[in-house]
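Data block for target_17.txt (compact mmCIF, C-alpha atoms and all ligand atoms):
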```txt
# COMPACT_ATOMS: atom_id res chain seq x y z
CA MET N 1 117.33 3.76 -16.75
CA ARG N 2 115.45 5.93 -14.28
CA THR N 3 117.79 8.87 -14.99
CA LYS N 4 117.23 8.48 -18.70
CA PHE N 5 113.47 8.60 -18.14
CA LEU N 6 113.83 11.74 -16.02
CA ILE N 7 115.94 13.42 -18.70
CA GLN N 8 113.32 12.54 -21.32
CA LEU N 9 110.59 13.90 -19.06
CA LEU N 10 112.54 17.11 -18.52
CA ALA N 11 113.17 17.48 -22.24
CA PHE N 12 109.46 16.99 -22.90
CA ALA N 13 108.54 19.57 -20.24
CA LEU N 14 110.98 22.08 -21.77
CA LEU N 15 109.55 21.43 -25.21
CA CYS N 16 106.01 22.02 -23.89
CA ALA N 17 107.11 25.27 -22.22
CA GLY N 18 108.83 26.36 -25.44
CA VAL N 19 105.72 25.66 -27.50
CA PHE N 20 103.58 27.48 -24.92
CA PHE N 21 105.70 30.65 -25.05
CA ALA N 22 105.99 30.52 -28.83
CA VAL N 23 102.20 30.35 -29.16
CA TYR N 24 101.81 33.08 -26.51
CA ALA N 25 104.18 35.37 -28.40
CA LEU N 26 102.45 34.71 -31.70
CA PHE N 27 98.89 35.13 -30.52
CA PRO N 28 98.84 37.51 -27.55
CA GLU N 29 95.26 38.47 -28.42
CA LYS N 30 94.04 34.89 -27.86
CA TRP N 31 95.42 35.03 -24.34
CA LEU N 32 94.13 38.51 -23.81
CA ASP N 33 90.58 37.24 -24.22
CA ARG N 34 91.12 34.82 -21.38
CA MET N 35 92.81 37.22 -19.02
CA HIS N 36 89.63 39.09 -18.32
CA ILE N 37 91.22 42.50 -18.09
CA SER N 38 88.25 44.64 -17.12
CA LYS N 39 87.32 47.76 -19.05
CA GLU N 40 87.91 49.82 -15.90
CA GLN N 41 91.40 48.36 -15.56
CA GLU N 42 92.16 49.05 -19.19
CA GLN N 43 90.88 52.62 -18.87
CA GLU N 44 93.05 53.18 -15.80
CA TRP N 45 96.09 51.90 -17.69
CA GLY N 46 95.26 54.17 -20.65
CA GLN N 47 95.04 57.19 -18.35
CA THR N 48 98.39 56.34 -16.76
CA ILE N 49 100.13 56.05 -20.15
CA ARG N 50 98.47 59.26 -21.33
CA SER N 51 99.79 61.11 -18.29
CA TRP N 52 103.32 59.78 -18.98
CA MET N 53 103.16 60.77 -22.61
CA THR N 54 101.72 64.24 -22.14
CA GLU N 55 103.96 65.18 -19.22
CA GLY N 56 105.67 68.48 -19.94
CA GLU N 57 103.64 68.95 -23.15
CA ASP N 58 101.43 71.94 -23.82
CA VAL N 59 97.92 70.45 -23.58
CA ILE N 60 95.37 72.64 -25.32
CA GLN N 61 92.05 73.34 -23.73
CA HIS N 62 89.75 75.57 -25.71
CA PRO N 63 85.94 75.51 -25.45
CA GLU N 64 85.41 75.57 -29.22
CA LEU N 65 87.92 72.80 -29.77
CA ASP N 66 86.35 70.72 -26.99
CA SER N 67 82.91 71.17 -28.44
CA ALA N 68 84.16 70.24 -31.94
CA LEU N 69 85.63 66.98 -30.59
CA GLN N 70 82.49 66.26 -28.61
CA ARG N 71 80.37 66.83 -31.70
CA ILE N 72 82.49 64.31 -33.62
CA GLU N 73 82.24 61.75 -30.82
CA ARG N 74 78.47 62.26 -30.48
CA ARG N 75 78.05 61.68 -34.19
CA PHE N 76 79.98 58.41 -33.98
CA ARG N 77 77.88 57.37 -30.96
CA THR N 78 74.83 57.41 -33.23
CA ALA N 79 76.38 54.40 -34.96
CA ASP N 80 75.89 52.42 -31.76
CA THR N 81 78.99 50.28 -32.30
CA LEU N 82 81.39 51.91 -29.82
CA GLN N 83 82.14 50.13 -26.57
CA TYR N 84 84.46 52.66 -24.98
CA ASP N 85 83.99 56.16 -23.65
CA PHE N 86 86.54 58.28 -25.45
CA ASN N 87 88.72 60.96 -23.95
CA PHE N 88 90.63 63.31 -26.25
CA THR N 89 93.82 65.13 -25.36
CA VAL N 90 95.15 67.71 -27.81
CA ILE N 91 98.84 68.57 -27.65
CA GLN N 92 100.25 71.74 -29.11
CA SER N 93 102.69 70.57 -31.76
CA GLU N 94 103.46 71.06 -35.41
CA GLU N 95 103.52 67.31 -35.82
CA VAL N 96 100.65 65.96 -37.90
CA ASN N 97 99.71 62.94 -35.88
CA ALA N 98 97.29 61.22 -33.53
CA PHE N 99 97.45 57.96 -31.60
CA ALA N 100 95.23 55.73 -29.53
CA LEU N 101 95.98 54.37 -26.08
CA PRO N 102 94.15 51.56 -24.30
CA GLY N 103 90.69 52.17 -22.89
CA GLY N 104 89.56 54.94 -25.26
CA GLU N 105 92.28 57.55 -24.67
CA ILE N 106 93.08 59.36 -27.92
CA VAL N 107 95.91 61.88 -28.24
CA ILE N 108 95.86 64.35 -31.13
CA TYR N 109 98.63 66.76 -32.15
CA SER N 110 97.38 70.21 -33.10
CA GLY N 111 99.34 70.04 -36.39
CA LEU N 112 96.83 67.45 -37.58
CA ILE N 113 93.88 69.72 -36.80
CA ALA N 114 95.60 72.60 -38.61
CA HIS N 115 96.02 70.49 -41.78
CA CYS N 116 92.47 69.09 -41.93
CA ASN N 117 90.59 71.31 -44.36
CA HIS N 118 87.27 69.80 -43.31
CA PRO N 119 86.23 68.67 -39.82
CA GLU N 120 85.19 65.40 -41.50
CA GLU N 121 88.88 64.70 -42.23
CA LEU N 122 89.72 64.99 -38.54
CA ALA N 123 86.70 62.75 -37.87
CA ALA N 124 88.14 60.16 -40.29
CA VAL N 125 91.45 60.07 -38.37
CA ILE N 126 89.57 59.82 -35.08
CA ALA N 127 87.50 56.94 -36.50
CA HIS N 128 90.74 55.15 -37.43
CA GLU N 129 92.18 55.67 -33.93
CA MET N 130 88.87 54.56 -32.40
CA GLY N 131 89.33 51.37 -34.43
CA HIS N 132 92.72 50.75 -32.77
CA ALA N 133 91.15 51.36 -29.36
CA GLU N 134 88.03 49.25 -29.93
CA LYS N 135 90.08 46.34 -31.29
CA GLN N 136 92.47 46.66 -28.31
CA HIS N 137 95.50 46.86 -30.60
CA VAL N 138 97.74 48.73 -28.15
CA LEU N 139 96.80 46.51 -25.24
CA LYS N 140 97.55 43.41 -27.33
CA ARG N 141 100.97 44.75 -28.28
CA MET N 142 101.81 45.62 -24.69
CA VAL N 143 100.67 42.27 -23.31
CA GLY N 144 102.55 40.50 -26.12
CA ALA N 145 105.75 42.43 -25.33
CA VAL N 146 105.98 42.36 -21.54
CA GLY N 147 103.24 40.03 -20.30
CA VAL N 148 100.18 40.95 -18.31
CA THR N 149 101.79 40.66 -14.86
CA THR N 150 104.66 43.05 -15.61
CA LEU N 151 102.25 45.36 -17.37
CA GLY N 152 100.03 45.52 -14.29
CA GLN N 153 103.04 46.20 -12.04
CA VAL N 154 104.46 48.94 -14.25
CA LEU N 155 101.15 50.66 -14.82
CA GLY N 156 100.30 50.32 -11.15
CA GLY N 157 103.52 52.19 -10.35
CA GLN N 158 105.31 49.25 -8.74
CA ASN N 159 108.08 48.78 -11.24
CA GLY N 160 111.00 50.58 -12.83
CA SER N 161 110.87 53.14 -15.59
CA VAL N 162 112.74 50.99 -18.12
CA VAL N 163 109.62 49.02 -18.93
CA SER N 164 107.55 52.20 -19.01
CA ASP N 165 109.88 53.44 -21.76
CA VAL N 166 109.33 50.18 -23.62
CA ILE N 167 105.57 50.68 -23.36
CA GLN N 168 105.77 54.26 -24.65
CA GLU N 169 107.92 53.04 -27.54
CA LEU N 170 105.28 50.47 -28.44
CA VAL N 171 102.55 53.09 -28.49
CA LEU N 172 104.49 55.30 -30.88
CA LYS N 173 105.97 52.58 -33.04
CA GLY N 174 102.91 51.86 -35.08
CA PHE N 175 100.94 48.71 -35.64
CA SER N 176 101.15 45.60 -37.75
CA ARG N 177 99.86 45.70 -41.28
CA SER N 178 96.77 43.68 -40.40
CA GLN N 179 95.99 45.95 -37.45
CA GLU N 180 96.23 49.01 -39.73
CA GLU N 181 93.88 47.37 -42.21
CA GLU N 182 91.48 46.48 -39.42
CA ALA N 183 91.49 50.09 -38.14
CA ASP N 184 90.89 51.39 -41.69
CA GLN N 185 87.96 49.02 -42.18
CA PHE N 186 86.54 50.00 -38.80
CA ALA N 187 86.85 53.69 -39.71
CA LEU N 188 85.16 53.28 -43.11
CA LEU N 189 82.19 51.45 -41.59
CA LEU N 190 81.93 53.88 -38.69
CA LEU N 191 81.95 56.89 -41.04
CA LYS N 192 79.24 55.28 -43.13
CA GLN N 193 77.10 54.40 -40.12
CA ALA N 194 77.49 57.93 -38.76
CA GLN N 195 76.35 59.42 -42.10
CA LEU N 196 79.73 60.87 -42.93
CA ASP N 197 81.38 60.34 -46.31
CA PRO N 198 83.93 57.48 -46.01
CA GLY N 199 85.83 59.18 -48.84
CA TYR N 200 87.23 61.58 -46.23
CA LEU N 201 89.52 58.78 -45.07
CA ALA N 202 91.04 58.80 -48.56
CA SER N 203 91.41 62.59 -48.54
CA VAL N 204 93.12 62.61 -45.16
CA PHE N 205 95.54 59.89 -46.34
CA GLN N 206 96.33 62.12 -49.31
CA ILE N 207 97.05 65.06 -46.99
CA LEU N 208 99.37 62.89 -44.87
CA ALA N 209 101.11 61.42 -47.91
CA ASP N 210 101.72 64.91 -49.40
CA LEU N 211 103.14 66.13 -46.11
CA GLU N 212 105.36 63.09 -45.78
CA GLU N 213 106.83 63.80 -49.18
CA GLU N 214 107.52 67.41 -48.24
CA SER N 215 109.32 66.69 -45.02
CA LEU N 216 111.48 64.06 -43.46
CA ASP N 217 110.15 64.73 -39.97
CA GLY N 218 108.29 62.02 -38.02
CA VAL N 219 106.00 59.74 -39.94
CA PRO N 220 102.36 59.99 -38.81
CA GLU N 221 101.01 56.97 -36.92
CA MET N 222 98.52 56.27 -39.69
CA LEU N 223 101.29 55.89 -42.25
CA MET N 224 103.87 54.20 -40.10
CA THR N 225 103.31 50.62 -41.15
CA HIS N 226 103.45 49.07 -44.47
CA PRO N 227 100.10 48.99 -46.13
CA ASN N 228 101.00 51.19 -49.02
CA VAL N 229 99.32 54.58 -48.77
CA ALA N 230 98.26 54.51 -52.43
CA ASP N 231 96.50 51.17 -51.79
CA ARG N 232 94.79 52.59 -48.73
CA ILE N 233 93.59 55.64 -50.65
CA GLN N 234 92.27 53.32 -53.35
CA GLN N 235 90.51 51.06 -50.84
CA ALA N 236 88.87 54.00 -49.08
CA THR N 237 87.80 55.51 -52.39
CA GLU N 238 86.36 52.18 -53.59
CA PHE N 239 84.51 51.72 -50.31
CA ALA N 240 83.03 55.22 -50.64
CA VAL N 241 81.90 54.51 -54.22
CA LYS N 242 80.35 51.15 -53.29
CA ASN N 243 78.68 52.53 -50.18
CA PRO N 244 76.91 55.74 -51.09
CA VAL N 245 75.86 57.54 -47.93
CA GLU N 246 73.22 60.16 -47.41
CA THR N 247 75.66 62.42 -45.63
CA VAL N 248 74.90 64.94 -42.92
CA GLU N 249 77.67 67.50 -42.49
CA LEU N 250 79.31 67.87 -39.10
CA ASN N 251 78.70 71.60 -39.26
CA ILE N 252 81.36 72.67 -36.84
CA SER N 253 81.12 76.40 -36.64
CA ASN N 254 84.29 78.38 -36.87
CA TRP N 255 86.37 75.53 -38.34
CA GLU N 256 88.09 78.05 -40.66
CA ASN N 257 89.29 79.91 -37.58
CA ARG N 258 90.61 76.81 -35.81
CA GLY N 259 94.06 78.42 -35.84
CA ASN N 260 92.81 80.51 -32.91
CA TRP N 261 92.05 77.40 -30.83
CA ILE N 262 95.40 75.77 -31.38
CA HIS N 263 97.63 78.87 -31.20
ZN ZN K 301 96.75 53.26 -37.33
```

With the file now loaded, output its structure as structure tokens.
Amino acid sequence: MRTKFLIQLLAFALLCAGVFFAVYALFPEKWLDRMHISKEQEQEWGQTIRSWMTEGEDVIQHPELDSALQRIERRFRTADTLQYDFNFTVIQSEEVNAFALPGGEIVIYSGLIAHCNHPEELAAVIAHEMGHAEKQHVLKRMVGAVGVTTLGQVLGGQNGSVVSDVIQELVLKGFSRSQEEEADQFALLLLKQAQLDPGYLASVFQILADLEEESLDGVPEMLMTHPNVADRIQQATEFAVKNPVETVELNISNWENRGNWIH
């Protein structure tokens, strides 16, 4: 009798544990809120991942490029909705891409800068990546995949490189559909608040979509997950029509000669 009770108790405990892990896997963000990962910690982790991912890459430093990126960030600061300090790293590459890491680290490939006809288009991509950072999308994916303890060990340099590969994979793999939509919405609002035309998000999607059709090379982060690009162009265009903005141009001098900054 007693044994039967113990078996039932054990079965119940296993069921509870199963439910716990199922819920944890489904809603990592809910747990993230309770883990109290400090901003400083998150920024440190972001810097570590950035150094992994840019190792051996040609990182571009050019005063005019730096000042262009700072001008874009300053403009977004006027919106007063950003919680993170942002740090931009530009990598020399023909790839047309950018991605966000935890804690405000944003990596941009120079191919993207080359293909943006207007600085406002680059600003629109940055606003989208800022959305991923501000909503902690990468951190949520990483915590959901490996758990906060392992994450801390790996990023603190106390664990093997296998998990670090997993983390880098996650960063490059793209986000869920709802996370993409959230980043788009964030970008549209931020552009509006910063007196930039939200329609530039639509035009940059068009540039990316045209490029994707031309080549079978890597898919840009912004297009990697499923919200259909035509739908996203339509949503951005509709938002721009419904939210007329008294725009103030970014006025980045020498944008036409940006080829000189990025080789
Ligand atoms: Zn995205």

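For the set N:Leu69, N:Val154, N:Leu170, N:Val248, the residue with the smallest atom-to-atom gap to Leu191 of chain N is N:Val248, counting only C-alpha atoms.
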
Using all atoms listed in the file, which residues of segment 21-106 of chain N come within 12 Å of segment 185-189 of chain N, and what is the closest atom pair for each, with the distance in Å to one decimal? Give it as a tab-separated table, sorted by chain and residue number.
```
residue	atom	partner	partner_atom	distance
N:Phe76	CA	N:Ala187	CA	10.1
N:Ala79	CA	N:Leu189	CA	9.3
N:Asp80	CA	N:Leu189	CA	11.7
N:Thr81	CA	N:Leu189	CA	9.9
N:Leu82	CA	N:Phe186	CA	10.5
```

Next item on the list: Excluding segment 99-109 of chain N and residues on its chain fewer than 3 positions from it, collect all residues at most 6 Å away from it, counting all atoms listed in the file, and give them as a VMD selection string.
Entry: chain N and resid 42 to 43 46 84 to 91 93 112 129 133 138 to 139

Margin query: Here is a test: counting only C-alpha atoms and all ligand atoms, which residue of N:Arg232, N:His128, N:Lys192, N:Lys140 is nearest to ligand ZN 301 (chain K)?
Written below: N:His128

Note to self: Around ligand ZN 301 (chain K), which protein and nucleic acid residues have at least one atom no more than 12 Å from it, if we count only C-alpha atoms and all ligand atoms? List them as number ranges by chain.
What the structure shows: N: 97-101, 106, 124-133, 135-138, 171-187, 201, 205, 219-227, 229, 232

Item checked: Among the residues N:His263, N:Glu238, N:Asn251, N:Gly156, the one that comes closest to Gln47 of chain N [using all atoms listed in the file] ->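 Comparing N:His263, N:Glu238, N:Asn251, N:Gly156 against Gln47 of chain N, the winner is N:Gly156.
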
Notebook entry, point to check: Can you tell me how far atom CA of Leu151 of chain N sits from atom CA of Val166 of chain N, in Å to one decimal?
Noted result: 10.6 Å

Check: Between N:Glu73, N:Glu121, N:Asp165, N:Glu213, which one has atoms that come closest to Asp197 of chain N, using all atoms listed in the file?
Finding: N:Glu121

Note to self: Under the rule that all atoms listed in the file are counted, which of N:Glu246, N:Asp231, N:Asp58, N:Glu169 is the nearest residue to Pro198 of chain N?
What the structure shows: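 Looking at the shortest contact to Pro198 of chain N, the residue is N:Glu246.
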
Notebook entry, point to check: Any idea what the distance is between atom CA of Arg77 of chain N and atom CA of Ser51 of chain N?
Noted result: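 Atom CA of Ser51 of chain N lies at a distance of 25.6 Å from atom CA of Arg77 of chain N.
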
Item checked: Interatomic distance, atom CA of Asn243 of chain N to atom CA of Ala230 of chain N (Å, one decimal) ->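 Taking atom CA of Asn243 of chain N and atom CA of Ala230 of chain N, their separation equals 19.8 Å.
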
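Comparing the minimum interatomic distances between Val204 of chain N and each of N:Ala236, N:Val148, N:Met53, N:Ala68, counting all atoms listed in the file, we find that N:Ala236 sits nearest.
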
Next item on the list: Counting all atoms listed in the file, write as a ChimeraX atom specification all protein and nucleic acid residues lying at most 10 Å from (89.5, 69.5, -42.4) in the file's frame.
Entry: /N:112-124,200,203-204,207,255-256,258

Write out N, CA, C and O atoms for segment 163-188 of chain N, as a PDB file, in the coordinates of the input.
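Once written, out10.pdb looks like this:
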```
ATOM      1  N   VAL N 163     110.735  49.638 -18.220  1.00  0.00           N
ATOM      2  CA  VAL N 163     109.620  49.020 -18.930  1.00  0.00           C
ATOM      3  C   VAL N 163     108.626  50.087 -19.380  1.00  0.00           C
ATOM      4  O   VAL N 163     108.018  49.970 -20.442  1.00  0.00           O
ATOM      5  N   SER N 164     108.488  51.150 -18.588  1.00  0.00           N
ATOM      6  CA  SER N 164     107.550  52.200 -19.010  1.00  0.00           C
ATOM      7  C   SER N 164     108.027  52.842 -20.308  1.00  0.00           C
ATOM      8  O   SER N 164     107.224  53.208 -21.157  1.00  0.00           O
ATOM      9  N   ASP N 165     109.351  52.939 -20.489  1.00  0.00           N
ATOM     10  CA  ASP N 165     109.880  53.440 -21.760  1.00  0.00           C
ATOM     11  C   ASP N 165     109.528  52.487 -22.902  1.00  0.00           C
ATOM     12  O   ASP N 165     109.177  52.907 -23.996  1.00  0.00           O
ATOM     13  N   VAL N 166     109.650  51.187 -22.597  1.00  0.00           N
ATOM     14  CA  VAL N 166     109.330  50.180 -23.620  1.00  0.00           C
ATOM     15  C   VAL N 166     107.866  50.342 -24.046  1.00  0.00           C
ATOM     16  O   VAL N 166     107.543  50.310 -25.238  1.00  0.00           O
ATOM     17  N   ILE N 167     106.999  50.553 -23.056  1.00  0.00           N
ATOM     18  CA  ILE N 167     105.570  50.680 -23.360  1.00  0.00           C
ATOM     19  C   ILE N 167     105.316  51.923 -24.215  1.00  0.00           C
ATOM     20  O   ILE N 167     104.583  51.875 -25.210  1.00  0.00           O
ATOM     21  N   GLN N 168     105.961  53.032 -23.862  1.00  0.00           N
ATOM     22  CA  GLN N 168     105.770  54.260 -24.650  1.00  0.00           C
ATOM     23  C   GLN N 168     106.274  54.080 -26.078  1.00  0.00           C
ATOM     24  O   GLN N 168     105.668  54.562 -27.029  1.00  0.00           O
ATOM     25  N   GLU N 169     107.388  53.349 -26.217  1.00  0.00           N
ATOM     26  CA  GLU N 169     107.920  53.040 -27.540  1.00  0.00           C
ATOM     27  C   GLU N 169     106.876  52.305 -28.372  1.00  0.00           C
ATOM     28  O   GLU N 169     106.644  52.628 -29.532  1.00  0.00           O
ATOM     29  N   LEU N 170     106.254  51.297 -27.726  1.00  0.00           N
ATOM     30  CA  LEU N 170     105.280  50.470 -28.440  1.00  0.00           C
ATOM     31  C   LEU N 170     104.111  51.297 -28.949  1.00  0.00           C
ATOM     32  O   LEU N 170     103.604  51.077 -30.041  1.00  0.00           O
ATOM     33  N   VAL N 171     103.695  52.260 -28.115  1.00  0.00           N
ATOM     34  CA  VAL N 171     102.550  53.090 -28.490  1.00  0.00           C
ATOM     35  C   VAL N 171     102.887  53.900 -29.743  1.00  0.00           C
ATOM     36  O   VAL N 171     102.074  54.061 -30.647  1.00  0.00           O
ATOM     37  N   LEU N 172     104.116  54.401 -29.788  1.00  0.00           N
ATOM     38  CA  LEU N 172     104.490  55.300 -30.880  1.00  0.00           C
ATOM     39  C   LEU N 172     105.012  54.585 -32.120  1.00  0.00           C
ATOM     40  O   LEU N 172     105.171  55.179 -33.170  1.00  0.00           O
ATOM     41  N   LYS N 173     105.284  53.298 -31.970  1.00  0.00           N
ATOM     42  CA  LYS N 173     105.970  52.580 -33.040  1.00  0.00           C
ATOM     43  C   LYS N 173     105.072  52.218 -34.217  1.00  0.00           C
ATOM     44  O   LYS N 173     105.546  51.906 -35.288  1.00  0.00           O
ATOM     45  N   GLY N 174     103.792  52.247 -33.995  1.00  0.00           N
ATOM     46  CA  GLY N 174     102.910  51.860 -35.080  1.00  0.00           C
ATOM     47  C   GLY N 174     102.501  50.395 -34.955  1.00  0.00           C
ATOM     48  O   GLY N 174     103.034  49.663 -34.127  1.00  0.00           O
ATOM     49  N   PHE N 175     101.566  50.014 -35.781  1.00  0.00           N
ATOM     50  CA  PHE N 175     100.940  48.710 -35.640  1.00  0.00           C
ATOM     51  C   PHE N 175     101.345  47.777 -36.780  1.00  0.00           C
ATOM     52  O   PHE N 175     102.001  48.193 -37.725  1.00  0.00           O
ATOM     53  N   SER N 176     100.887  46.541 -36.668  1.00  0.00           N
ATOM     54  CA  SER N 176     101.150  45.600 -37.750  1.00  0.00           C
ATOM     55  C   SER N 176     100.249  45.968 -38.938  1.00  0.00           C
ATOM     56  O   SER N 176      99.269  46.701 -38.802  1.00  0.00           O
ATOM     57  N   ARG N 177     100.614  45.426 -40.057  1.00  0.00           N
ATOM     58  CA  ARG N 177      99.860  45.700 -41.280  1.00  0.00           C
ATOM     59  C   ARG N 177      98.388  45.306 -41.119  1.00  0.00           C
ATOM     60  O   ARG N 177      97.482  46.050 -41.490  1.00  0.00           O
ATOM     61  N   SER N 178      98.166  44.134 -40.516  1.00  0.00           N
ATOM     62  CA  SER N 178      96.770  43.680 -40.400  1.00  0.00           C
ATOM     63  C   SER N 178      95.993  44.555 -39.420  1.00  0.00           C
ATOM     64  O   SER N 178      94.801  44.809 -39.610  1.00  0.00           O
ATOM     65  N   GLN N 179      96.677  45.062 -38.393  1.00  0.00           N
ATOM     66  CA  GLN N 179      95.990  45.950 -37.450  1.00  0.00           C
ATOM     67  C   GLN N 179      95.624  47.268 -38.136  1.00  0.00           C
ATOM     68  O   GLN N 179      94.550  47.824 -37.905  1.00  0.00           O
ATOM     69  N   GLU N 180      96.533  47.777 -38.983  1.00  0.00           N
ATOM     70  CA  GLU N 180      96.230  49.010 -39.730  1.00  0.00           C
ATOM     71  C   GLU N 180      95.019  48.792 -40.639  1.00  0.00           C
ATOM     72  O   GLU N 180      94.145  49.647 -40.733  1.00  0.00           O
ATOM     73  N   GLU N 181      95.006  47.641 -41.309  1.00  0.00           N
ATOM     74  CA  GLU N 181      93.880  47.370 -42.210  1.00  0.00           C
ATOM     75  C   GLU N 181      92.575  47.256 -41.429  1.00  0.00           C
ATOM     76  O   GLU N 181      91.534  47.741 -41.865  1.00  0.00           O
ATOM     77  N   GLU N 182      92.678  46.627 -40.252  1.00  0.00           N
ATOM     78  CA  GLU N 182      91.480  46.480 -39.420  1.00  0.00           C
ATOM     79  C   GLU N 182      90.963  47.855 -38.963  1.00  0.00           C
ATOM     80  O   GLU N 182      89.760  48.099 -38.970  1.00  0.00           O
ATOM     81  N   ALA N 183      91.900  48.742 -38.583  1.00  0.00           N
ATOM     82  CA  ALA N 183      91.490  50.090 -38.140  1.00  0.00           C
ATOM     83  C   ALA N 183      90.895  50.879 -39.306  1.00  0.00           C
ATOM     84  O   ALA N 183      89.925  51.626 -39.126  1.00  0.00           O
ATOM     85  N   ASP N 184      91.456  50.713 -40.512  1.00  0.00           N
ATOM     86  CA  ASP N 184      90.890  51.390 -41.690  1.00  0.00           C
ATOM     87  C   ASP N 184      89.464  50.905 -41.970  1.00  0.00           C
ATOM     88  O   ASP N 184      88.558  51.698 -42.211  1.00  0.00           O
ATOM     89  N   GLN N 185      89.286  49.584 -41.929  1.00  0.00           N
ATOM     90  CA  GLN N 185      87.960  49.020 -42.180  1.00  0.00           C
ATOM     91  C   GLN N 185      86.950  49.510 -41.148  1.00  0.00           C
ATOM     92  O   GLN N 185      85.813  49.858 -41.465  1.00  0.00           O
ATOM     93  N   PHE N 186      87.394  49.521 -39.888  1.00  0.00           N
ATOM     94  CA  PHE N 186      86.540  50.000 -38.800  1.00  0.00           C
ATOM     95  C   PHE N 186      86.128  51.449 -39.075  1.00  0.00           C
ATOM     96  O   PHE N 186      84.967  51.820 -38.943  1.00  0.00           O
ATOM     97  N   ALA N 187      87.115  52.266 -39.475  1.00  0.00           N
ATOM     98  CA  ALA N 187      86.850  53.690 -39.710  1.00  0.00           C
ATOM     99  C   ALA N 187      85.859  53.883 -40.863  1.00  0.00           C
ATOM    100  O   ALA N 187      84.926  54.684 -40.760  1.00  0.00           O
ATOM    101  N   LEU N 188      86.049  53.127 -41.948  1.00  0.00           N
ATOM    102  CA  LEU N 188      85.160  53.280 -43.110  1.00  0.00           C
ATOM    103  C   LEU N 188      83.717  52.947 -42.732  1.00  0.00           C
ATOM    104  O   LEU N 188      82.782  53.676 -43.064  1.00  0.00           O
TER     105      LEU N 188
END
```
